[in-house]
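Pasting upload.cif here (mmCIF, C-alpha atoms):
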data_data
loop_
_atom_site.label_atom_id
_atom_site.label_comp_id
_atom_site.auth_asym_id
_atom_site.auth_seq_id
_atom_site.Cartn_x
_atom_site.Cartn_y
_atom_site.Cartn_z
CA MET A 1316 87.65 94.48 38.91
CA THR A 1317 86.72 96.00 42.21
CA THR A 1318 84.50 93.04 43.07
CA LEU A 1319 87.35 90.69 42.20
CA ALA A 1320 89.75 92.59 44.41
CA ALA A 1321 87.16 92.85 47.17
CA ALA A 1322 86.49 89.12 46.94
CA ALA A 1323 90.21 88.42 47.17
CA ALA A 1324 90.39 90.49 50.34
CA GLN A 1325 87.60 88.55 52.10
CA VAL A 1326 88.85 86.84 55.20
CA SER A 1327 88.02 83.38 56.45
CA THR A 1328 84.88 82.77 58.48
CA GLY A 1329 86.85 82.00 61.62
CA GLU A 1330 88.62 85.33 61.43
CA ALA A 1331 85.32 87.10 60.82
CA TRP A 1332 83.88 85.50 63.94
CA ALA A 1333 86.98 86.45 65.91
CA PHE A 1334 86.81 90.02 64.68
CA TRP A 1335 83.15 90.56 65.50
CA ILE A 1336 83.30 88.99 68.92
CA LEU A 1337 86.67 90.38 70.04
CA GLY A 1338 86.05 93.75 68.42
CA SER A 1339 82.72 94.15 70.21
CA ILE A 1340 84.27 93.19 73.53
CA ALA A 1341 87.13 95.64 72.91
CA VAL A 1342 84.70 98.50 72.22
CA ILE A 1343 82.62 97.58 75.28
CA GLY A 1344 85.79 97.52 77.37
CA ALA A 1345 86.85 100.93 76.05
CA LEU A 1346 83.42 102.42 76.82
CA GLY A 1347 83.48 100.80 80.24
CA MET A 1348 86.86 102.34 80.93
CA VAL A 1349 85.74 105.84 80.01
CA LEU A 1350 82.40 105.62 81.81
CA ALA A 1351 83.35 103.79 85.02
CA ARG A 1352 83.11 105.88 88.19
CA ASN A 1353 85.73 103.94 90.09
CA ALA A 1354 89.26 104.29 88.76
CA VAL A 1355 90.16 100.67 89.50
CA HIS A 1356 87.16 99.52 87.44
CA SER A 1357 88.46 101.69 84.60
CA ALA A 1358 91.80 99.92 84.77
CA LEU A 1359 90.14 96.51 84.66
CA TRP A 1360 88.00 97.44 81.65
CA LEU A 1361 91.16 98.61 79.88
CA VAL A 1362 92.74 95.23 80.64
CA VAL A 1363 89.77 93.59 78.87
CA THR A 1364 90.32 95.81 75.83
CA MET A 1365 94.04 95.14 75.74
CA LEU A 1366 93.56 91.37 75.94
CA CYS A 1367 91.12 91.51 73.04
CA LEU A 1368 93.62 93.55 71.04
CA GLY A 1369 96.34 91.01 71.84
CA PHE A 1370 94.20 88.24 70.39
CA LEU A 1371 93.42 90.37 67.34
CA TYR A 1372 97.13 90.82 66.72
CA VAL A 1373 97.56 87.05 66.71
CA VAL A 1374 94.67 86.73 64.26
CA ASN A 1375 96.41 89.28 62.02
CA SER A 1376 99.57 87.17 61.62
CA ALA A 1377 101.44 89.01 64.36
CA PRO A 1378 101.81 86.36 67.07
CA PHE A 1379 104.96 87.91 68.56
CA LEU A 1380 103.25 91.27 68.97
CA GLY A 1381 100.18 89.61 70.40
CA MET A 1382 102.24 87.88 73.07
CA VAL A 1383 104.20 91.08 73.76
CA GLN A 1384 100.91 92.96 74.09
CA ILE A 1385 99.62 90.50 76.67
CA ILE A 1386 102.87 90.13 78.59
CA VAL A 1387 104.21 93.69 78.49
CA TYR A 1388 101.23 95.93 77.98
CA THR A 1389 98.56 94.10 79.95
CA GLY A 1390 100.82 92.33 82.39
CA ALA A 1391 103.32 95.04 83.20
CA ILE A 1392 101.95 98.45 82.26
CA MET A 1393 98.41 97.87 83.52
CA MET A 1394 99.73 96.38 86.75
CA LEU A 1395 101.85 99.52 87.13
CA PHE A 1396 98.65 101.53 86.72
CA LEU A 1397 96.95 99.46 89.39
CA PHE A 1398 99.83 99.95 91.82
CA VAL A 1399 99.76 103.71 91.35
CA LEU A 1400 95.97 103.65 91.69
CA MET A 1401 96.32 101.91 95.01
CA LEU A 1402 98.79 104.55 96.14
CA ALA A 1403 97.23 107.69 94.75
CA GLY A 1404 93.89 107.40 93.07
CA ARG A 1405 91.70 104.71 94.58
CA ASP A 1406 89.19 106.84 96.41
CA ALA A 1407 89.21 109.73 94.01
CA SER A 1408 86.20 109.80 91.74
CA ASP A 1409 85.40 112.51 89.28
CA SER A 1410 82.88 115.02 90.47
CA LEU A 1411 79.85 115.50 88.27
CA ILE A 1412 80.21 119.27 88.22
CA GLU A 1413 81.78 120.38 84.98
CA THR A 1414 84.61 122.87 85.10
CA LEU A 1415 83.98 123.98 81.53
CA ARG A 1416 80.33 124.18 80.66
CA GLY A 1417 79.24 121.95 77.82
CA GLN A 1418 82.57 120.19 77.60
CA ARG A 1419 81.14 116.71 77.96
CA VAL A 1420 78.48 117.20 75.31
CA ALA A 1421 80.96 118.79 72.93
CA ALA A 1422 83.47 115.99 73.52
CA ILE A 1423 80.89 113.30 72.77
CA LEU A 1424 79.57 115.05 69.66
CA LEU A 1425 83.01 115.79 68.26
CA GLY A 1426 84.13 112.27 69.13
CA VAL A 1427 81.29 110.71 67.18
CA GLY A 1428 81.98 113.04 64.27
CA PHE A 1429 85.68 112.22 64.31
CA ALA A 1430 85.03 108.47 64.43
CA VAL A 1431 82.65 108.71 61.48
CA LEU A 1432 85.11 110.84 59.52
CA VAL A 1433 88.18 108.67 60.11
CA GLY A 1434 86.27 105.40 59.76
CA THR A 1435 84.66 106.38 56.49
CA GLY A 1436 87.91 107.77 55.15
CA LEU A 1437 89.79 104.58 55.93
CA ALA A 1438 87.05 102.32 54.62
CA ARG A 1439 86.77 104.20 51.34
CA ALA A 1440 90.52 104.47 50.84
CA LEU A 1441 91.44 100.91 51.72
CA GLY A 1442 88.22 99.03 51.11
CA ASP A 1443 89.22 97.80 47.66
CA VAL A 1444 92.88 97.19 48.35
CA PRO A 1445 93.64 93.46 48.41
CA ALA A 1446 95.37 92.32 51.55
CA ALA A 1447 98.80 90.93 50.63
CA GLY A 1448 98.96 88.88 53.77
CA LEU A 1449 102.08 87.82 55.58
CA PRO A 1450 102.65 84.12 54.79
CA SER A 1451 105.69 84.92 52.63
CA THR A 1452 107.40 87.15 55.17
CA ASN A 1453 106.43 84.79 57.98
CA ALA A 1454 107.86 81.82 56.09
CA ASP A 1455 110.61 81.23 58.65
CA GLY A 1456 108.33 82.24 61.48
CA ASN A 1457 107.18 85.62 62.69
CA VAL A 1458 109.97 86.09 65.25
CA PRO A 1459 112.87 85.48 62.82
CA GLY A 1460 111.17 87.80 60.35
CA ILE A 1461 110.90 90.57 62.92
CA ALA A 1462 114.45 89.96 64.11
CA ALA A 1463 115.79 90.18 60.54
CA LEU A 1464 114.24 93.63 60.20
CA LEU A 1465 114.82 94.85 63.73
CA PHE A 1466 118.55 94.25 63.80
CA THR A 1467 119.34 95.41 60.30
CA ARG A 1468 117.15 98.25 59.16
CA TYR A 1469 115.89 99.44 62.54
CA VAL A 1470 118.92 98.79 64.71
CA PHE A 1471 119.55 102.48 65.40
CA ALA A 1472 115.98 103.02 66.57
CA PHE A 1473 116.35 99.89 68.70
CA GLU A 1474 119.43 101.27 70.45
CA VAL A 1475 117.82 104.66 70.94
CA THR A 1476 114.74 103.09 72.52
CA SER A 1477 116.92 101.11 74.90
CA ALA A 1478 118.55 104.39 75.95
CA LEU A 1479 115.03 105.80 76.34
CA LEU A 1480 114.05 102.98 78.68
CA ILE A 1481 117.12 103.55 80.84
CA THR A 1482 116.35 107.28 80.97
CA ALA A 1483 112.74 106.58 81.90
CA ALA A 1484 113.72 104.26 84.73
CA VAL A 1485 116.23 106.76 86.14
CA GLY A 1486 113.70 109.59 85.74
CA ALA A 1487 111.05 107.65 87.63
CA MET A 1488 113.50 106.98 90.44
CA VAL A 1489 114.36 110.68 90.65
CA LEU A 1490 110.72 111.78 90.61
CA ALA A 1491 109.49 109.27 93.15
CA HIS A 1492 112.36 109.77 95.58
CA VAL A 1493 111.40 111.29 98.92
CA GLU A 1494 114.19 113.31 100.42
CA ARG A 1495 114.35 113.11 104.18
CA SER A 1496 116.52 115.84 105.61
CA LYS A 1497 119.03 114.98 108.32
CA ALA A 1498 117.17 117.16 110.80
CA GLU A 1499 113.99 115.04 110.60
CA ILE A 1500 115.59 111.78 111.64
CA ALA A 1501 115.05 111.61 115.41
CA ASP A 1502 117.25 109.44 117.56
CA GLN A 1503 116.06 107.23 120.40
CA LEU A 1504 116.45 109.85 123.15
CA THR A 1505 114.38 112.46 121.29
CA ARG A 1506 111.64 109.96 120.54
CA MET A 1507 111.49 108.81 124.17
CA THR A 1508 111.27 112.32 125.61
CA ALA A 1509 108.54 113.19 123.09
CA ARG A 1510 106.62 110.09 124.10
CA PHE A 1511 106.64 110.79 127.85
CA ARG A 1512 106.04 114.53 127.64
CA PRO A 1513 103.11 115.73 129.81
CA GLY A 1514 99.82 115.52 127.97
CA ASN A 1515 100.78 112.53 125.85
CA TYR A 1516 99.57 109.13 127.00
CA PRO A 1517 102.59 106.83 126.57
CA GLY A 1518 100.75 103.53 126.48
CA PRO A 1519 99.31 101.83 123.42
CA LYS A 1520 96.03 103.07 122.09
CA ALA A 1521 92.87 101.14 122.96
CA GLY A 1522 92.10 98.28 120.61
CA PRO A 1523 89.29 98.53 118.08
CA GLY A 1524 85.86 98.29 119.55
CA VAL A 1525 86.69 99.38 123.10
CA TYR A 1526 84.65 102.56 122.80
CA ALA A 1527 82.27 101.35 120.08
CA ASN A 1528 78.50 101.59 120.31
CA THR A 1529 77.52 99.79 117.15
CA MET A 1530 79.03 97.18 114.88
CA SER A 1531 78.28 98.96 111.62
CA VAL A 1532 81.28 99.87 109.46
CA ALA A 1533 79.44 102.99 108.39
CA ALA A 1534 79.52 104.35 111.95
CA PRO A 1535 82.68 106.28 112.81
CA ALA A 1536 85.01 104.90 115.41
CA ARG A 1537 84.69 106.60 118.77
CA LEU A 1538 87.58 108.54 120.21
CA PRO A 1539 88.15 108.36 123.98
CA ASP A 1540 86.45 111.71 124.49
CA GLY A 1541 83.25 110.50 122.84
CA HIS A 1542 83.53 112.18 119.45
CA GLY A 1543 83.35 110.13 116.30
CA SER A 1544 86.63 109.86 114.43
CA GLN A 1545 85.98 110.99 110.88
CA ARG A 1546 89.28 109.44 109.76
CA SER A 1547 87.89 105.98 110.46
CA LEU A 1548 85.15 106.30 107.88
CA SER A 1549 85.96 105.00 104.45
CA PRO A 1550 85.02 107.69 101.91
CA ILE A 1551 83.71 105.02 99.55
CA LEU A 1552 80.88 103.99 101.89
CA PRO A 1553 77.73 106.09 102.05
CA ILE A 1554 77.21 108.04 105.27
CA ARG A 1555 74.60 106.51 107.51
CA GLU A 1556 72.91 108.29 110.37
CA LEU A 1557 72.85 106.30 113.57
CA THR A 1558 69.45 105.65 115.08
CA ALA A 1559 68.79 106.89 118.58
CA GLU A 1560 69.26 103.52 120.21
CA GLU A 1561 72.50 102.91 118.37
CA ALA A 1562 73.94 106.27 119.31
CA ALA A 1563 72.90 106.11 122.97
CA PRO A 1564 75.62 105.07 125.40
CA LYS A 1565 75.07 101.47 126.37
CA GLY A 1566 76.72 101.58 129.72
CA THR A 1567 79.16 98.80 129.02
CA ASP A 1568 81.87 100.67 130.87
CA LYS A 1569 80.24 100.07 134.24
CA MET B 39 84.49 91.16 56.18
CA THR B 40 87.69 92.64 54.82
CA PRO B 41 90.82 93.65 56.72
CA ASP B 42 89.87 97.33 56.64
CA TYR B 43 87.15 96.60 59.19
CA TYR B 44 89.98 96.43 61.70
CA LEU B 45 90.94 99.98 60.76
CA VAL B 46 87.42 101.19 61.51
CA LEU B 47 87.67 99.40 64.87
CA ALA B 48 90.98 101.18 65.51
CA ALA B 49 89.35 104.53 64.64
CA ILE B 50 86.48 103.84 67.05
CA LEU B 51 88.85 102.88 69.87
CA PHE B 52 90.95 105.98 69.19
CA THR B 53 87.96 108.30 69.44
CA ILE B 54 86.74 106.64 72.62
CA GLY B 55 90.18 107.28 74.10
CA ALA B 56 90.24 110.87 72.85
CA ALA B 57 86.77 111.59 74.25
CA GLY B 58 87.85 110.00 77.52
CA VAL B 59 90.84 112.34 77.74
CA LEU B 60 88.50 115.30 77.36
CA VAL B 61 85.83 114.10 79.75
CA ARG B 62 87.62 112.42 82.67
CA ARG B 63 89.38 114.39 85.36
CA ASN B 64 91.17 111.77 87.40
CA ALA B 65 94.78 112.02 86.22
CA ILE B 66 95.34 108.28 86.17
CA VAL B 67 92.18 107.51 84.20
CA LEU B 68 93.22 110.27 81.78
CA PHE B 69 96.50 108.50 81.35
CA MET B 70 94.74 105.21 80.69
CA CYS B 71 92.70 106.86 77.93
CA ILE B 72 95.97 107.96 76.32
CA GLU B 73 97.14 104.36 76.51
CA LEU B 74 93.95 103.30 74.75
CA MET B 75 94.74 105.73 71.94
CA LEU B 76 98.22 104.25 71.60
CA ASN B 77 96.73 100.77 71.47
CA ALA B 78 94.35 101.81 68.72
CA ALA B 79 97.30 103.14 66.73
CA ASN B 80 99.10 99.84 67.30
CA LEU B 81 96.15 97.91 65.93
CA ALA B 82 96.09 100.10 62.85
CA LEU B 83 99.83 99.56 62.32
CA VAL B 84 99.56 95.78 62.62
CA VAL B 85 96.61 95.57 60.24
CA LEU B 86 98.30 97.82 57.70
CA SER B 87 101.43 95.69 57.85
CA ARG B 88 99.23 92.74 56.98
CA ILE B 89 97.60 94.65 54.13
CA ASN B 90 100.99 95.72 52.75
CA GLY B 91 102.60 92.33 53.20
CA THR B 92 105.71 93.60 55.02
CA LEU B 93 106.71 93.42 58.66
CA ASP B 94 107.61 97.11 58.99
CA GLY B 95 104.24 97.90 60.54
CA GLN B 96 104.79 95.33 63.24
CA ILE B 97 108.25 96.76 63.99
CA MET B 98 106.70 100.20 64.31
CA ALA B 99 104.03 98.84 66.61
CA PHE B 100 106.78 97.23 68.69
CA PHE B 101 108.53 100.58 69.04
CA VAL B 102 105.25 102.26 69.94
CA MET B 103 104.87 99.73 72.75
CA VAL B 104 108.38 100.43 74.03
CA VAL B 105 107.86 104.19 73.97
CA ALA B 106 104.45 103.79 75.64
CA ALA B 107 106.05 101.76 78.42
CA ALA B 108 108.68 104.44 79.05
CA GLU B 109 106.01 107.13 78.94
CA VAL B 110 103.81 105.31 81.44
CA VAL B 111 106.72 104.95 83.84
CA VAL B 112 107.61 108.64 83.80
CA GLY B 113 103.99 109.85 83.67
CA LEU B 114 102.92 107.79 86.66
CA ALA B 115 105.95 109.01 88.62
CA ILE B 116 104.89 112.59 87.84
CA ILE B 117 101.31 111.87 88.90
CA MET B 118 102.52 110.33 92.14
CA SER B 119 104.72 113.29 93.02
CA LEU B 120 101.80 115.59 92.12
CA PHE B 121 99.59 113.56 94.44
CA ARG B 122 102.14 113.81 97.23
CA THR B 123 102.18 117.59 97.13
CA ARG B 124 98.50 118.24 96.31
CA ARG B 125 96.89 115.19 97.97
CA SER B 126 94.52 115.05 95.02
CA ALA B 127 94.60 113.13 91.76
CA SER B 128 92.25 115.48 89.93
CA VAL B 129 93.77 117.41 87.05
CA ASP B 130 91.66 120.43 87.96
CA ASP B 131 93.63 120.82 91.17
CA ALA B 132 96.96 121.26 89.42
CA ASN B 133 96.20 124.92 88.66
CA LEU B 134 99.20 126.84 89.97
CA LEU B 135 99.95 128.18 86.49
CA LYS B 136 96.41 129.46 86.08
CA TYR B 137 96.17 133.16 85.43
#

Could you take the file, read its structure, and then write that structure out as structure tokens?
Amino acid sequence: MTTLAAAAAQVSTGEAWAFWILGSIAVIGALGMVLARNAVHSALWLVVTMLCLGFLYVVNSAPFLGMVQIIVYTGAIMMLFLFVLMLAGRDASDSLIETLRGQRVAAILLGVGFAVLVGTGLARALGDVPAAGLPSTNADGNVPGIAALLFTRYVFAFEVTSALLITAAVGAMVLAHVERSKAEIADQLTRMTARFRPGNYPGPKAGPGVYANTMSVAAPARLPDGHGSQRSLSPILPIRELTAEEAAPKGTDK
Amino acid sequence: MTPDYYLVLAAILFTIGAAGVLVRRNAIVLFMCIELMLNAANLALVVLSRINGTLDGQIMAFFVMVVAAAEVVVGLAIIMSLFRTRRSASVDDANLLKY
């Protein structure tokens, strides 16, 4: 009986291929996201995982959800992540020093244990259950089937989630708003007097390379008094010591 | 291969996301690990709807996506305002409530 039911639940070869290939890529993408040093690389690995999941939804007779996953989740939410990463998190990388000792080891061990527990539990509970499949409910098409449910049985949840989206948009506007007080806005006269005050050079700053000694991007830009400007160094690049002949003044100002 | 293999895949993705939340300290990467957990739950819902033969699981997954979108919007706005005041995206630096 169990072998009969298990045989009935076997999927087609094409779906098996799709599962093994897309599932492996999804797991590799998830691991890449967690292990990547650079936050933008993490976002791109997560995009890989989400695209694989979108295809898996289509394979599982959910084409509408697969398209929504690719359009909304990957195309909108992950792009939102990338925008915020460009604003706030691009250079920040996690330091290797642990705040709580042993947290990483404990997290990995407990994670493996949890995966084994949940995976085995699910496999044993649902391994023999025959998959009913969705060809009957998808008879008119997946989208009409979803619409028939969404606007009859789940219409209240639908309206509440639309209110949630409006609230989220307004909340994001409130949180991201930068209040500039009236006192900070300087008019033309104030700006001009500040520009020509004694001690402030009113002309434009020298163009890039006027005071430079070397063409390397790892060397800091030189300020007019000879010091290197630490703000000109990108924190992503490794620090390079200048050799003696690179650091020596070349006398180009004669 | 039976459809419950997908559920094991969902469990694996969920634990990778959960371990990532514990291990990473960049607030935005932390948030992305939470999104991975939500995606794993979505996969489980879709596969279970196929196993049961009804579309309710897909509707639930649809609502999970909507709620995740709203959560991402608000969460990223919070992270950005945190970054503006603290100039750091590390969750260890948001420690004003620490005893």

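Excluding range 1356-1361 of chain A itself and any same-chain residue fewer than 6 positions from it, the protein and nucleic acid residues within 9 Å of it, counting all atoms listed in the file, are Ala1341, Ile1343, Gly1344, Ala1345, Leu1346, Gly1347, Met1348, Val1349, Leu1350, Thr1389, Met1393, Met1394, Phe1396, Leu1397 and Leu1400 of chain A; Val67, Met70, Cys71, Glu73 and Leu74 of chain B.
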
Can those selected residues be exported to a file as a PDB file, in the coordinates of the input so that it contains C-alpha atoms?
ATOM      1  CA  ALA A1341      87.130  95.640  72.910  1.00  0.00           C
ATOM      2  CA  ILE A1343      82.620  97.580  75.280  1.00  0.00           C
ATOM      3  CA  GLY A1344      85.790  97.520  77.370  1.00  0.00           C
ATOM      4  CA  ALA A1345      86.850 100.930  76.050  1.00  0.00           C
ATOM      5  CA  LEU A1346      83.420 102.420  76.820  1.00  0.00           C
ATOM      6  CA  GLY A1347      83.480 100.800  80.240  1.00  0.00           C
ATOM      7  CA  MET A1348      86.860 102.340  80.930  1.00  0.00           C
ATOM      8  CA  VAL A1349      85.740 105.840  80.010  1.00  0.00           C
ATOM      9  CA  LEU A1350      82.400 105.620  81.810  1.00  0.00           C
ATOM     10  CA  THR A1389      98.560  94.100  79.950  1.00  0.00           C
ATOM     11  CA  MET A1393      98.410  97.870  83.520  1.00  0.00           C
ATOM     12  CA  MET A1394      99.730  96.380  86.750  1.00  0.00           C
ATOM     13  CA  PHE A1396      98.650 101.530  86.720  1.00  0.00           C
ATOM     14  CA  LEU A1397      96.950  99.460  89.390  1.00  0.00           C
ATOM     15  CA  LEU A1400      95.970 103.650  91.690  1.00  0.00           C
TER      16      LEU A1400
ATOM     17  CA  VAL B  67      92.180 107.510  84.200  1.00  0.00           C
ATOM     18  CA  MET B  70      94.740 105.210  80.690  1.00  0.00           C
ATOM     19  CA  CYS B  71      92.700 106.860  77.930  1.00  0.00           C
ATOM     20  CA  GLU B  73      97.140 104.360  76.510  1.00  0.00           C
ATOM     21  CA  LEU B  74      93.950 103.300  74.750  1.00  0.00           C
TER      22      LEU B  74
END

Separating CA of Phe52 in chain B from CA of Phe1398 in chain A, to the nearest tenth of an Å, is a gap of 25.0 Å

Determine which residues of chain A sit within 7 Å of chain B, taking into account all atoms listed in the file, and present them as a PDB file with C-alpha atoms, keeping the file's coordinate frame.
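Okay, this is what ended up in result23.pdb:
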ATOM      1  CA  ALA A1324      90.390  90.490  50.340  1.00  0.00           C
ATOM      2  CA  GLN A1325      87.600  88.550  52.100  1.00  0.00           C
ATOM      3  CA  VAL A1326      88.850  86.840  55.200  1.00  0.00           C
ATOM      4  CA  ALA A1331      85.320  87.100  60.820  1.00  0.00           C
ATOM      5  CA  GLY A1338      86.050  93.750  68.420  1.00  0.00           C
ATOM      6  CA  VAL A1342      84.700  98.500  72.220  1.00  0.00           C
ATOM      7  CA  ALA A1345      86.850 100.930  76.050  1.00  0.00           C
ATOM      8  CA  LEU A1346      83.420 102.420  76.820  1.00  0.00           C
ATOM      9  CA  VAL A1349      85.740 105.840  80.010  1.00  0.00           C
ATOM     10  CA  ALA A1354      89.260 104.290  88.760  1.00  0.00           C
ATOM     11  CA  SER A1357      88.460 101.690  84.600  1.00  0.00           C
ATOM     12  CA  TYR A1372      97.130  90.820  66.720  1.00  0.00           C
ATOM     13  CA  ASN A1375      96.410  89.280  62.020  1.00  0.00           C
ATOM     14  CA  LEU A1380     103.250  91.270  68.970  1.00  0.00           C
ATOM     15  CA  ILE A1392     101.950  98.450  82.260  1.00  0.00           C
ATOM     16  CA  VAL A1399      99.760 103.710  91.350  1.00  0.00           C
ATOM     17  CA  ALA A1403      97.230 107.690  94.750  1.00  0.00           C
ATOM     18  CA  GLY A1404      93.890 107.400  93.070  1.00  0.00           C
ATOM     19  CA  ALA A1407      89.210 109.730  94.010  1.00  0.00           C
ATOM     20  CA  SER A1408      86.200 109.800  91.740  1.00  0.00           C
ATOM     21  CA  ASP A1409      85.400 112.510  89.280  1.00  0.00           C
ATOM     22  CA  ARG A1419      81.140 116.710  77.960  1.00  0.00           C
ATOM     23  CA  ALA A1422      83.470 115.990  73.520  1.00  0.00           C
ATOM     24  CA  ILE A1423      80.890 113.300  72.770  1.00  0.00           C
ATOM     25  CA  GLY A1426      84.130 112.270  69.130  1.00  0.00           C
ATOM     26  CA  PHE A1429      85.680 112.220  64.310  1.00  0.00           C
ATOM     27  CA  ALA A1430      85.030 108.470  64.430  1.00  0.00           C
ATOM     28  CA  VAL A1433      88.180 108.670  60.110  1.00  0.00           C
ATOM     29  CA  GLY A1434      86.270 105.400  59.760  1.00  0.00           C
ATOM     30  CA  LEU A1437      89.790 104.580  55.930  1.00  0.00           C
ATOM     31  CA  ALA A1438      87.050 102.320  54.620  1.00  0.00           C
ATOM     32  CA  LEU A1441      91.440 100.910  51.720  1.00  0.00           C
ATOM     33  CA  GLY A1442      88.220  99.030  51.110  1.00  0.00           C
ATOM     34  CA  ALA A1446      95.370  92.320  51.550  1.00  0.00           C
ATOM     35  CA  ALA A1447      98.800  90.930  50.630  1.00  0.00           C
ATOM     36  CA  GLY A1448      98.960  88.880  53.770  1.00  0.00           C
ATOM     37  CA  LEU A1449     102.080  87.820  55.580  1.00  0.00           C
ATOM     38  CA  THR A1452     107.400  87.150  55.170  1.00  0.00           C
ATOM     39  CA  ILE A1461     110.900  90.570  62.920  1.00  0.00           C
ATOM     40  CA  LEU A1465     114.820  94.850  63.730  1.00  0.00           C
ATOM     41  CA  LEU A1480     114.050 102.980  78.680  1.00  0.00           C
ATOM     42  CA  ALA A1483     112.740 106.580  81.900  1.00  0.00           C
ATOM     43  CA  GLY A1486     113.700 109.590  85.740  1.00  0.00           C
ATOM     44  CA  ALA A1487     111.050 107.650  87.630  1.00  0.00           C
ATOM     45  CA  LEU A1490     110.720 111.780  90.610  1.00  0.00           C
ATOM     46  CA  ALA A1491     109.490 109.270  93.150  1.00  0.00           C
TER      47      ALA A1491
END

Just the residues within 10 Å of Gly1456 in chain A, please, counting only C-alpha atoms, with nothing from its chain fewer than 5 positions along; format it as an NGL selection string.
-> :A and (1378-1379 or 1450-1451 or 1461)

Residues from the last selection, C-alpha atoms, saved as a PDB file, in the coordinates of the input:
ATOM      1  CA  PRO A1378     101.810  86.360  67.070  1.00  0.00           C
ATOM      2  CA  PHE A1379     104.960  87.910  68.560  1.00  0.00           C
ATOM      3  CA  PRO A1450     102.650  84.120  54.790  1.00  0.00           C
ATOM      4  CA  SER A1451     105.690  84.920  52.630  1.00  0.00           C
ATOM      5  CA  ILE A1461     110.900  90.570  62.920  1.00  0.00           C
TER       6      ILE A1461
END

What is the distance between CA of Ala1533 in chain A and CA of Thr1558 in chain A, in Å to one decimal?
-> 12.3 Å

For Leu1337 in chain A: contacts at 8 Å, all atoms listed in the file, fewer than 6 positions along chain excluded, given as a list in words |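 Counting all atoms listed in the file, the residues come to Cys1367, Leu1368, Phe1370 and Leu1371 of chain A.
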
Centre, x/y/z edge lengths, axis-aligned box for range 1343-1347 of chain A with 6 Å per side, as lines of an AutoDock Vina configuration file:
center_x = 84.7
center_y = 100.0
center_z = 77.8
size_x = 16.2
size_y = 16.9
size_z = 17.0

Which distance in Å separates CA of Arg1495 in chain A and CA of Thr123 in chain B, to one decimal?
->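 Distance reported for this atom pair: 14.8 Å.
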